[in-house]
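Coordinates as given in final_11.tsv (TSV, C-alpha atoms):
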chain	number	residue	atom	x	y	z
A	1266	MET	CA	27.72	-29.47	14.25
A	1267	LYS	CA	29.08	-26.08	14.98
A	1268	THR	CA	26.72	-24.08	12.80
A	1269	LYS	CA	23.70	-25.65	14.42
A	1270	THR	CA	24.88	-24.76	17.93
A	1271	THR	CA	25.65	-21.19	16.91
A	1272	ARG	CA	22.21	-20.91	15.37
A	1273	ARG	CA	20.61	-22.13	18.55
A	1274	LEU	CA	22.45	-19.45	20.50
A	1275	VAL	CA	21.99	-16.61	18.03
A	1276	GLU	CA	18.38	-17.16	16.93
A	1277	PRO	CA	16.78	-16.34	20.34
A	1278	LEU	CA	18.96	-13.23	20.57
A	1279	LEU	CA	17.84	-12.09	17.12
A	1280	TRP	CA	14.25	-12.78	18.05
A	1281	SER	CA	14.59	-10.68	21.23
A	1282	LEU	CA	16.01	-7.82	19.19
A	1283	PHE	CA	13.12	-8.17	16.72
A	1284	SER	CA	10.63	-8.07	19.56
A	1285	ALA	CA	12.21	-5.14	21.39
A	1286	GLY	CA	12.56	-3.27	18.10
A	1287	GLY	CA	8.92	-3.90	17.27
A	1288	ALA	CA	7.84	-2.37	20.55
A	1289	VAL	CA	10.18	0.63	20.23
A	1290	ALA	CA	9.11	1.25	16.64
A	1291	ALA	CA	5.41	0.94	17.45
A	1292	LEU	CA	5.68	3.37	20.36
A	1293	SER	CA	7.94	6.03	18.91
A	1294	LEU	CA	7.91	6.02	15.11
A	1295	PRO	CA	4.30	6.97	14.21
A	1296	VAL	CA	4.43	10.35	15.95
A	1297	LEU	CA	7.95	11.16	14.67
A	1298	LEU	CA	7.05	10.15	11.13
A	1299	PHE	CA	3.86	12.17	11.25
A	1300	LEU	CA	5.65	15.28	12.50
A	1301	PHE	CA	8.87	15.18	10.45
A	1302	GLY	CA	7.51	13.39	7.38
A	1303	LEU	CA	4.12	15.04	6.91
A	1304	ALA	CA	3.02	17.80	9.30
A	1305	ILE	CA	6.19	19.91	9.14
A	1306	PRO	CA	7.07	19.52	5.40
A	1307	LEU	CA	3.44	20.24	4.46
A	1308	GLY	CA	3.41	23.35	6.65
A	1309	TRP	CA	0.69	22.18	9.04
A	1310	LEU	CA	3.07	22.83	11.91
A	1311	GLU	CA	5.96	25.22	12.28
A	1312	ALA	CA	9.39	23.73	11.57
A	1313	PRO	CA	11.68	23.49	14.60
A	1314	ASN	CA	14.59	25.91	14.24
A	1315	TYR	CA	18.16	24.72	14.00
A	1316	GLU	CA	19.35	25.81	17.46
A	1317	ALA	CA	16.49	24.14	19.28
A	1318	MET	CA	16.76	20.89	17.34
A	1319	HIS	CA	20.52	20.87	17.68
A	1320	GLY	CA	20.22	21.47	21.41
A	1321	LEU	CA	17.69	18.68	21.74
A	1322	VAL	CA	19.85	16.11	19.95
A	1323	GLN	CA	22.93	17.25	21.84
A	1324	GLN	CA	21.41	16.11	25.16
A	1325	PRO	CA	23.06	12.83	26.20
A	1326	LEU	CA	19.66	11.30	26.98
A	1327	THR	CA	18.36	12.13	23.48
A	1328	ARG	CA	21.49	10.68	21.90
A	1329	VAL	CA	21.22	7.44	23.85
A	1330	SER	CA	17.48	7.17	23.08
A	1331	LEU	CA	18.03	7.83	19.38
A	1332	PHE	CA	20.78	5.23	19.28
A	1333	VAL	CA	18.55	2.62	20.96
A	1334	ILE	CA	15.66	3.43	18.61
A	1335	CYS	CA	17.86	3.14	15.50
A	1336	TRP	CA	19.61	-0.02	16.68
A	1337	LEU	CA	16.50	-1.93	17.73
A	1338	ALA	CA	14.31	-0.73	14.86
A	1339	LEU	CA	16.95	-1.81	12.33
A	1340	PHE	CA	17.26	-5.28	13.83
A	1341	HIS	CA	13.48	-5.48	13.91
A	1342	TRP	CA	13.51	-4.77	10.17
A	1343	ALA	CA	16.32	-7.26	9.53
A	1344	HIS	CA	14.57	-10.14	11.23
A	1345	ARG	CA	11.12	-9.48	9.83
A	1346	PHE	CA	12.29	-8.74	6.31
A	1347	ARG	CA	14.43	-11.87	6.30
A	1348	TYR	CA	11.39	-14.02	7.00
A	1349	THR	CA	9.21	-12.04	4.60
A	1350	LEU	CA	11.62	-12.89	1.81
A	1351	TYR	CA	11.90	-16.44	3.07
A	1352	ASP	CA	8.17	-17.20	3.40
A	1353	GLY	CA	6.60	-14.62	1.14
A	1354	LEU	CA	8.74	-14.84	-1.94
A	1355	GLN	CA	10.06	-18.33	-1.14
A	1356	ILE	CA	13.58	-17.41	-2.19
A	1357	LYS	CA	15.08	-20.01	0.10
A	1358	HIS	CA	17.98	-20.78	-2.20
A	1359	LEU	CA	19.32	-17.29	-1.46
A	1360	ASN	CA	19.16	-17.88	2.27
A	1361	GLU	CA	22.78	-16.93	3.03
A	1362	VAL	CA	22.70	-13.82	0.86
A	1363	ILE	CA	19.46	-12.66	2.50
A	1364	THR	CA	20.79	-13.28	6.00
A	1365	VAL	CA	23.99	-11.36	5.32
A	1366	PHE	CA	22.09	-8.53	3.61
A	1367	CYS	CA	19.54	-8.15	6.43
A	1368	TYR	CA	21.65	-8.45	9.55
A	1369	GLY	CA	24.68	-6.93	7.83
A	1370	GLY	CA	22.56	-3.94	6.82
A	1371	ALA	CA	21.21	-3.59	10.35
A	1372	LEU	CA	24.74	-3.76	11.79
A	1373	LEU	CA	25.97	-1.18	9.29
A	1374	GLY	CA	23.09	1.17	10.11
A	1375	THR	CA	23.67	0.73	13.83
A	1376	GLY	CA	27.34	1.52	13.28
A	1377	VAL	CA	26.47	4.69	11.38
A	1378	ALA	CA	24.00	5.71	14.10
A	1379	GLY	CA	26.63	5.12	16.80
A	1380	TYR	CA	29.26	7.05	14.85
A	1381	LEU	CA	26.97	10.02	14.16
A	1382	LEU	CA	25.62	10.25	17.69
A	1383	TRP	CA	28.96	9.69	19.40
A	1384	ASN	CA	30.61	12.40	17.29
A	1385	PHE	CA	27.62	14.75	17.35
A	1386	ARG	CA	28.80	18.37	17.53
B	1107	MET	CA	2.36	-30.29	5.78
B	1108	ASN	CA	0.08	-33.27	5.85
B	1109	SER	CA	0.85	-35.63	8.68
B	1110	GLY	CA	-2.56	-37.24	8.54
B	1111	GLU	CA	-1.16	-40.08	6.47
B	1112	MET	CA	1.44	-41.04	9.05
B	1113	ARG	CA	0.63	-43.84	11.46
B	1114	GLY	CA	2.30	-44.74	14.75
B	1115	ALA	CA	5.37	-43.05	16.15
B	1116	PRO	CA	7.29	-41.19	13.47
B	1117	VAL	CA	10.87	-42.26	12.97
B	1118	TYR	CA	13.15	-39.27	13.13
B	1119	THR	CA	16.27	-39.22	11.06
B	1120	GLU	CA	18.62	-36.35	10.54
B	1121	PHE	CA	17.88	-36.30	6.84
B	1122	HIS	CA	14.20	-36.99	6.52
B	1123	PRO	CA	12.91	-38.11	3.15
B	1124	ARG	CA	11.44	-35.46	0.90
B	1125	TRP	CA	7.74	-35.88	0.80
B	1126	TYR	CA	5.51	-34.70	-1.96
B	1127	ARG	CA	4.65	-31.03	-1.78
B	1128	LYS	CA	2.54	-29.09	-4.15
B	1129	ARG	CA	4.32	-26.15	-5.73
B	1130	VAL	CA	3.09	-22.93	-4.19
B	1131	SER	CA	2.96	-19.82	-6.31
B	1132	THR	CA	5.30	-16.99	-5.35
B	1133	TYR	CA	2.23	-14.80	-5.13
B	1134	TRP	CA	0.27	-17.12	-2.84
B	1135	TRP	CA	-0.39	-14.27	-0.43
B	1136	LEU	CA	-2.27	-12.18	-3.01
B	1137	TRP	CA	-5.35	-14.35	-3.21
B	1138	LYS	CA	-6.70	-14.16	0.28
B	1139	TRP	CA	-7.28	-11.06	2.41
B	1140	SER	CA	-5.88	-12.63	5.58
B	1141	TYR	CA	-2.68	-13.65	3.76
B	1142	LEU	CA	-2.37	-10.25	2.14
B	1143	ARG	CA	-2.84	-8.60	5.52
B	1144	PHE	CA	-0.07	-10.78	6.92
B	1145	VAL	CA	2.30	-9.75	4.14
B	1146	LEU	CA	1.38	-6.05	4.52
B	1147	ARG	CA	2.16	-6.33	8.22
B	1148	GLU	CA	5.52	-7.93	7.49
B	1149	ILE	CA	6.32	-5.34	4.78
B	1150	SER	CA	5.83	-2.57	7.38
B	1151	SER	CA	9.35	-3.35	8.57
B	1152	VAL	CA	10.76	-1.90	5.34
B	1153	PHE	CA	9.20	1.46	6.16
B	1154	VAL	CA	10.49	1.28	9.72
B	1155	ALA	CA	13.98	0.90	8.26
B	1156	TRP	CA	13.33	3.76	5.81
B	1157	PHE	CA	12.45	6.14	8.62
B	1158	VAL	CA	15.58	5.17	10.54
B	1159	MET	CA	17.54	6.34	7.48
B	1160	VAL	CA	15.59	9.62	7.49
B	1161	VAL	CA	16.46	10.10	11.17
B	1162	LEU	CA	20.12	9.31	10.51
B	1163	ALA	CA	20.14	11.91	7.72
B	1164	LEU	CA	18.59	14.43	10.14
B	1165	ILE	CA	21.24	13.72	12.79
B	1166	ALA	CA	24.01	14.05	10.20
B	1167	GLY	CA	22.53	17.34	9.00
B	1168	LEU	CA	22.18	18.77	12.49
B	1169	SER	CA	25.75	17.76	13.27
B	1170	ARG	CA	27.14	19.46	10.15
B	1171	GLY	CA	25.43	22.79	10.67
B	1172	PRO	CA	22.42	25.01	9.83
B	1173	GLU	CA	22.90	24.74	6.04
B	1174	ALA	CA	22.91	20.97	6.14
B	1175	TYR	CA	19.80	21.02	8.33
B	1176	SER	CA	18.05	23.33	5.82
B	1177	ALA	CA	19.09	21.00	3.00
B	1178	TRP	CA	17.55	18.10	4.90
B	1179	GLN	CA	14.32	20.09	5.41
B	1180	GLU	CA	14.29	21.01	1.72
B	1181	TRP	CA	14.69	17.33	0.80
B	1182	MET	CA	11.85	16.38	3.15
B	1183	ARG	CA	9.60	18.88	1.29
B	1184	HIS	CA	10.21	17.17	-2.05
B	1185	PRO	CA	6.86	15.74	-3.28
B	1186	ALA	CA	8.34	12.29	-3.87
B	1187	VAL	CA	9.76	12.18	-0.34
B	1188	ILE	CA	6.45	13.38	1.10
B	1189	ALA	CA	4.69	10.63	-0.87
B	1190	VAL	CA	7.07	7.97	0.45
B	1191	ASN	CA	6.62	9.32	3.96
B	1192	GLY	CA	2.84	9.26	3.59
B	1193	VAL	CA	2.97	5.60	2.62
B	1194	SER	CA	5.46	4.97	5.43
B	1195	PHE	CA	3.16	6.61	7.95
B	1196	PHE	CA	0.36	4.26	6.91
B	1197	PHE	CA	2.61	1.22	7.28
B	1198	VAL	CA	4.06	2.35	10.60
B	1199	LEU	CA	0.49	2.72	11.87
B	1200	VAL	CA	-0.32	-0.79	10.61
B	1201	HIS	CA	2.75	-2.01	12.44
B	1202	ALA	CA	1.82	-0.25	15.69
B	1203	VAL	CA	-1.83	-1.38	15.69
B	1204	THR	CA	-1.05	-5.01	14.80
B	1205	TRP	CA	1.78	-5.03	17.34
B	1206	PHE	CA	-0.37	-3.77	20.20
B	1207	ASN	CA	-3.27	-6.04	19.28
B	1208	LEU	CA	-0.96	-9.05	19.38
B	1209	ALA	CA	0.54	-8.02	22.72
B	1210	PRO	CA	-2.05	-9.98	24.78
B	1211	ARG	CA	-0.95	-13.12	22.89
B	1212	ALA	CA	2.74	-12.42	23.37
B	1213	MET	CA	2.75	-11.43	27.03
B	1214	VAL	CA	0.55	-13.46	29.30
B	1215	MET	CA	0.23	-11.65	32.59
B	1216	ARG	CA	-1.27	-13.09	35.69
B	1217	VAL	CA	-2.57	-11.18	38.64
B	1218	GLY	CA	-3.67	-13.21	41.64
B	1219	GLY	CA	-3.68	-16.47	39.71
B	1220	LYS	CA	-5.96	-15.10	37.01
B	1221	GLY	CA	-4.91	-14.07	33.54
B	1222	LEU	CA	-5.48	-10.42	32.77
B	1223	PRO	CA	-8.16	-9.87	30.11
B	1224	ASP	CA	-6.78	-9.21	26.62
B	1225	ALA	CA	-8.43	-5.81	26.54
B	1226	VAL	CA	-6.48	-4.68	29.62
B	1227	ILE	CA	-3.11	-5.64	28.17
B	1228	ALA	CA	-3.89	-4.15	24.76
B	1229	GLY	CA	-5.31	-1.07	26.49
B	1230	ALA	CA	-2.13	-0.63	28.54
B	1231	ASN	CA	-0.11	-0.79	25.33
B	1232	TYR	CA	-2.29	1.83	23.64
B	1233	LEU	CA	-2.01	4.03	26.72
B	1234	ALA	CA	1.79	3.72	26.62
B	1235	TRP	CA	1.64	4.62	22.91
B	1236	ALA	CA	-0.38	7.76	23.66
B	1237	ILE	CA	1.99	8.82	26.46
B	1238	VAL	CA	5.17	8.25	24.43
B	1239	SER	CA	3.65	10.07	21.43
B	1240	ALA	CA	2.65	13.02	23.60
B	1241	ILE	CA	6.13	13.31	25.15
B	1242	LEU	CA	7.92	13.05	21.79
B	1243	GLY	CA	5.49	15.46	20.16
B	1244	TRP	CA	5.99	17.97	22.97
B	1245	LEU	CA	9.79	17.67	22.76
B	1246	VAL	CA	9.81	18.31	19.02
B	1247	LEU	CA	7.15	21.03	18.87
B	1248	ARG	CA	8.61	22.90	21.83
B	1249	ALA	CA	11.55	23.49	19.52
B	1250	GLY	CA	9.23	24.95	16.86
Transcribe the structure of this file into C-alpha coordinates.
Amino acid sequence: MKTKTTRRLVEPLLWSLFSAGGAVAALSLPVLLFLFGLAIPLGWLEAPNYEAMHGLVQQPLTRVSLFVICWLALFHWAHRFRYTLYDGLQIKHLNEVITVFCYGGALLGTGVAGYLLWNFR
Amino acid sequence: MNSGEMRGAPVYTEFHPRWYRKRVSTYWWLWKWSYLRFVLREISSVFVAWFVMVVLALIAGLSRGPEAYSAWQEWMRHPAVIAVNGVSFFFVLVHAVTWFNLAPRAMVMRVGGKGLPDAVIAGANYLAWAIVSAILGWLVLRAG
(Lines of atoms letter the chains of each structure in order from A and count residues from 1; the text may use other names and numbers.)
(Lines give C-alpha, C1' and ligand atoms only; values in the text may rest on other atoms or scores of the structure.)
Protein backbone atom coordinates (compact mmCIF):
# COMPACT_ATOMS: atom_id res chain seq x y z
CA MET A 1 0.00 0.00 0.00
CA LYS A 2 1.50 3.20 -1.19
CA THR A 3 -0.23 5.52 1.25
CA LYS A 4 0.94 3.50 4.21
CA THR A 5 4.58 3.63 3.10
CA THR A 6 4.40 7.37 2.51
CA ARG A 7 2.89 7.83 5.94
CA ARG A 8 5.68 5.85 7.51
CA LEU A 9 8.22 8.11 5.83
CA VAL A 10 6.43 11.40 6.40
CA GLU A 11 5.16 10.95 9.97
CA PRO A 12 8.64 10.91 11.64
CA LEU A 13 9.60 13.98 9.63
CA LEU A 14 6.46 15.82 10.77
CA TRP A 15 7.15 14.77 14.33
CA SER A 16 10.72 16.11 14.12
CA LEU A 17 9.40 19.42 12.83
CA PHE A 18 6.86 19.51 15.67
CA SER A 19 9.59 18.85 18.19
CA ALA A 20 12.06 21.37 16.78
CA GLY A 21 9.28 23.94 16.49
CA GLY A 22 8.25 23.34 20.09
CA ALA A 23 11.77 24.05 21.27
CA VAL A 24 12.18 27.14 19.08
CA ALA A 25 8.79 28.50 20.15
CA ALA A 26 9.44 27.85 23.84
CA LEU A 27 12.81 29.58 23.72
CA SER A 28 12.04 32.60 21.58
CA LEU A 29 8.34 33.44 21.56
CA PRO A 30 7.59 34.39 25.21
CA VAL A 31 10.05 37.30 25.27
CA LEU A 32 9.06 38.53 21.78
CA LEU A 33 5.36 38.30 22.59
CA PHE A 34 5.86 40.10 25.88
CA LEU A 35 7.81 42.93 24.26
CA PHE A 36 5.86 43.44 21.02
CA GLY A 37 2.44 42.33 22.26
CA LEU A 38 2.28 43.88 25.73
CA ALA A 39 5.20 45.97 26.98
CA ILE A 40 5.58 48.21 23.92
CA PRO A 41 1.88 48.71 22.99
CA LEU A 42 1.04 49.46 26.64
CA GLY A 43 3.86 51.99 26.84
CA TRP A 44 5.88 50.19 29.53
CA LEU A 45 8.87 50.29 27.22
CA GLU A 46 9.82 52.67 24.45
CA ALA A 47 8.87 51.54 20.94
CA PRO A 48 11.82 50.74 18.68
CA ASN A 49 12.07 53.30 15.89
CA TYR A 50 11.65 52.36 12.25
CA GLU A 51 15.29 52.71 11.16
CA ALA A 52 16.63 50.54 13.96
CA MET A 53 14.01 47.82 13.50
CA HIS A 54 14.43 47.91 9.75
CA GLY A 55 18.18 47.64 10.11
CA LEU A 56 17.84 44.73 12.50
CA VAL A 57 15.56 42.73 10.21
CA GLN A 58 17.73 43.56 7.20
CA GLN A 59 20.67 41.63 8.70
CA PRO A 60 20.99 38.28 6.89
CA LEU A 61 21.34 36.46 10.23
CA THR A 62 18.08 38.00 11.52
CA ARG A 63 16.28 37.08 8.31
CA VAL A 64 17.46 33.48 8.43
CA SER A 65 16.57 33.22 12.15
CA LEU A 66 13.12 34.71 11.59
CA PHE A 67 12.50 32.33 8.72
CA VAL A 68 13.51 29.31 10.83
CA ILE A 69 11.34 30.49 13.74
CA CYS A 70 8.29 31.01 11.49
CA TRP A 71 8.77 27.75 9.60
CA LEU A 72 9.30 25.50 12.62
CA ALA A 73 6.72 27.22 14.84
CA LEU A 74 4.08 26.86 12.12
CA PHE A 75 4.77 23.15 11.65
CA HIS A 76 4.73 22.77 15.42
CA TRP A 77 1.23 24.30 15.39
CA ALA A 78 0.11 22.15 12.45
CA HIS A 79 1.09 18.88 14.07
CA ARG A 80 -0.20 19.68 17.53
CA PHE A 81 -3.44 21.24 16.36
CA ARG A 82 -4.10 18.30 14.07
CA TYR A 83 -3.96 15.90 17.00
CA THR A 84 -5.91 18.27 19.25
CA LEU A 85 -8.77 18.17 16.78
CA TYR A 86 -8.32 14.45 16.33
CA ASP A 87 -8.25 13.46 20.02
CA GLY A 88 -9.91 16.41 21.70
CA LEU A 89 -12.91 16.99 19.52
CA GLN A 90 -12.88 13.47 18.03
CA ILE A 91 -13.62 14.76 14.55
CA LYS A 92 -11.95 11.79 12.95
CA HIS A 93 -14.30 11.69 9.99
CA LEU A 94 -12.77 14.98 8.83
CA ASN A 95 -9.27 13.56 9.00
CA GLU A 96 -8.24 14.49 5.44
CA VAL A 97 -9.67 18.00 5.66
CA ILE A 98 -7.88 18.61 8.96
CA THR A 99 -4.57 17.29 7.64
CA VAL A 100 -4.74 19.46 4.54
CA PHE A 101 -5.81 22.51 6.56
CA CYS A 102 -3.04 22.13 9.15
CA TYR A 103 -0.01 21.23 7.06
CA GLY A 104 -1.29 23.24 4.10
CA GLY A 105 -1.65 26.27 6.36
CA ALA A 106 1.83 25.76 7.75
CA LEU A 107 3.28 25.44 4.24
CA LEU A 108 1.45 28.57 3.11
CA GLY A 109 2.70 30.54 6.12
CA THR A 110 6.24 29.30 5.55
CA GLY A 111 5.96 30.37 1.92
CA VAL A 112 4.80 33.84 2.93
CA ALA A 113 7.63 34.11 5.47
CA GLY A 114 10.18 33.06 2.85
CA TYR A 115 8.77 35.49 0.30
CA LEU A 116 8.71 38.43 2.72
CA LEU A 117 12.17 37.80 4.12
CA TRP A 118 13.78 37.02 0.78
CA ASN A 119 12.36 40.22 -0.76
CA PHE A 120 12.89 42.35 2.34
CA ARG A 121 13.89 45.89 1.35
CA MET B 1 -8.97 -0.09 25.20
CA ASN B 2 -9.61 -3.10 27.32
CA SER B 3 -7.37 -6.00 26.46
CA GLY B 4 -7.94 -7.69 29.79
CA GLU B 5 -10.56 -9.93 28.23
CA MET B 6 -8.20 -11.33 25.61
CA ARG B 7 -6.49 -14.63 26.30
CA GLY B 8 -3.46 -16.16 24.62
CA ALA B 9 -1.65 -14.69 21.65
CA PRO B 10 -3.81 -12.18 19.81
CA VAL B 11 -4.46 -12.95 16.17
CA TYR B 12 -3.59 -9.97 14.05
CA THR B 13 -5.52 -9.31 10.91
CA GLU B 14 -5.35 -6.29 8.71
CA PHE B 15 -8.95 -5.45 9.41
CA HIS B 16 -9.49 -6.22 13.05
CA PRO B 17 -13.05 -6.62 14.24
CA ARG B 18 -14.69 -3.61 15.82
CA TRP B 19 -14.96 -4.16 19.49
CA TYR B 20 -17.44 -2.49 21.75
CA ARG B 21 -16.45 1.00 22.80
CA LYS B 22 -18.37 3.32 24.97
CA ARG B 23 -19.22 6.61 23.33
CA VAL B 24 -17.03 9.35 24.73
CA SER B 25 -18.41 12.84 25.00
CA THR B 26 -16.79 15.49 22.81
CA TYR B 27 -16.15 17.43 25.99
CA TRP B 28 -14.48 14.57 27.86
CA TRP B 29 -11.51 16.78 28.68
CA LEU B 30 -13.59 19.30 30.64
CA TRP B 31 -14.34 17.09 33.60
CA LYS B 32 -10.93 16.43 35.00
CA TRP B 33 -8.17 18.94 35.75
CA SER B 34 -5.41 16.77 34.31
CA TYR B 35 -7.34 16.34 31.04
CA LEU B 36 -8.15 20.02 30.89
CA ARG B 37 -4.49 20.85 31.47
CA PHE B 38 -3.56 18.54 28.61
CA VAL B 39 -5.99 20.28 26.27
CA LEU B 40 -4.81 23.75 27.38
CA ARG B 41 -1.25 22.68 26.62
CA GLU B 42 -2.25 21.45 23.18
CA ILE B 43 -4.29 24.61 22.48
CA SER B 44 -1.16 26.71 23.14
CA SER B 45 -0.10 25.84 19.59
CA VAL B 46 -2.89 28.04 18.23
CA PHE B 47 -1.37 31.06 19.96
CA VAL B 48 2.09 30.14 18.70
CA ALA B 49 0.65 30.27 15.18
CA TRP B 50 -1.11 33.57 15.95
CA PHE B 51 2.13 35.22 16.98
CA VAL B 52 3.86 33.98 13.82
CA MET B 53 1.18 35.90 11.89
CA VAL B 54 1.88 39.01 14.00
CA VAL B 55 5.59 38.69 13.20
CA LEU B 56 4.85 38.24 9.49
CA ALA B 57 2.71 41.40 9.57
CA LEU B 58 5.59 43.23 11.27
CA ILE B 59 8.07 42.07 8.62
CA ALA B 60 5.69 43.10 5.84
CA GLY B 61 5.22 46.50 7.48
CA LEU B 62 8.94 47.09 7.93
CA SER B 63 9.54 46.11 4.33
CA ARG B 64 6.91 48.52 2.98
CA GLY B 65 8.13 51.57 4.87
CA PRO B 66 7.74 53.78 7.98
CA GLU B 67 3.99 54.39 7.44
CA ALA B 68 3.25 50.70 7.25
CA TYR B 69 5.33 50.11 10.38
CA SER B 70 3.36 52.84 12.22
CA ALA B 71 0.12 51.25 11.03
CA TRP B 72 1.29 47.93 12.44
CA GLN B 73 2.16 49.60 15.77
CA GLU B 74 -1.23 51.32 15.81
CA TRP B 75 -2.94 47.97 15.21
CA MET B 76 -0.92 46.39 18.04
CA ARG B 77 -2.22 49.12 20.39
CA HIS B 78 -5.85 48.24 19.65
CA PRO B 79 -7.44 46.97 22.91
CA ALA B 80 -8.75 43.81 21.26
CA VAL B 81 -5.31 42.97 19.87
CA ILE B 82 -3.70 43.66 23.26
CA ALA B 83 -6.27 41.35 24.85
CA VAL B 84 -5.53 38.58 22.35
CA ASN B 85 -1.81 39.08 22.91
CA GLY B 86 -2.27 38.93 26.68
CA VAL B 87 -4.03 35.59 26.36
CA SER B 88 -1.38 34.47 23.87
CA PHE B 89 1.40 35.39 26.27
CA PHE B 90 -0.21 33.21 28.94
CA PHE B 91 -0.48 30.27 26.54
CA VAL B 92 3.04 30.69 25.18
CA LEU B 93 4.28 30.60 28.78
CA VAL B 94 2.26 27.43 29.40
CA HIS B 95 3.84 25.98 26.29
CA ALA B 96 7.37 26.91 27.35
CA VAL B 97 7.04 25.65 30.93
CA THR B 98 5.39 22.35 29.96
CA TRP B 99 7.92 21.89 27.16
CA PHE B 100 10.94 22.38 29.40
CA ASN B 101 9.47 20.24 32.17
CA LEU B 102 8.95 17.40 29.71
CA ALA B 103 12.47 17.72 28.31
CA PRO B 104 13.98 15.23 30.82
CA ARG B 105 11.46 12.64 29.54
CA ALA B 106 12.17 13.40 25.90
CA MET B 107 15.95 13.53 25.97
CA VAL B 108 17.67 10.95 28.09
CA MET B 109 21.27 11.96 28.53
CA ARG B 110 23.94 9.80 29.99
CA VAL B 111 27.21 10.93 31.41
CA GLY B 112 29.66 8.24 32.44
CA GLY B 113 27.05 5.50 32.27
CA LYS B 114 24.68 7.33 34.59
CA GLY B 115 21.55 9.16 33.55
CA LEU B 116 21.60 12.86 34.30
CA PRO B 117 19.07 13.86 36.98
CA ASP B 118 15.85 15.34 35.59
CA ALA B 119 16.49 18.60 37.41
CA VAL B 120 19.79 19.10 35.56
CA ILE B 121 18.23 18.65 32.12
CA ALA B 122 15.22 20.83 32.95
CA GLY B 123 17.57 23.37 34.53
CA ALA B 124 19.73 23.48 31.40
CA ASN B 125 16.61 24.15 29.35
CA TYR B 126 15.50 26.97 31.64
CA LEU B 127 19.00 28.43 31.50
CA ALA B 128 18.92 28.33 27.69
CA TRP B 129 15.50 30.04 27.84
CA ALA B 130 16.89 32.83 30.02
CA ILE B 131 19.90 33.35 27.74
CA VAL B 132 17.86 33.39 24.51
CA SER B 133 15.31 35.76 26.10
CA ALA B 134 18.06 38.10 27.26
CA ILE B 135 19.71 38.20 23.82
CA LEU B 136 16.42 38.78 21.98
CA GLY B 137 15.31 41.38 24.51
CA TRP B 138 18.62 43.22 24.16
CA LEU B 139 18.44 43.15 20.36
CA VAL B 140 14.93 44.61 20.33
CA LEU B 141 15.33 47.17 23.12
CA ARG B 142 18.67 48.39 21.79
CA ALA B 143 16.61 49.62 18.85
CA GLY B 144 14.29 51.54 21.21
Using all atoms listed in the file and a cut-off of 8 Å, which residues of chain A sit close to chain B? Please list them as an MDAnalysis selection string. chainID A and resid 1287:1288 1290:1303 1306:1307 1311:1315 1317:1319 1322 1335 1338:1339 1341:1342 1345:1346 1349 1353:1355 1377:1378 1381:1382 1385:1386
Please, what distance in Å, to one decimal, runs between atom CA of A:Arg1347 and atom CA of A:Leu1373? 16.0 Å
Calculate how many Å separate atom CA of A:Val1333 from atom CA of A:Pro1277, rounding to one decimal.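 Spanning atom CA of A:Val1333 to atom CA of A:Pro1277 is a straight-line distance of 19.1 Å.
Rounded to one decimal, atom CA of A:Gln1324 and atom CA of B:Trp1178 lie 20.7 Å from each other.
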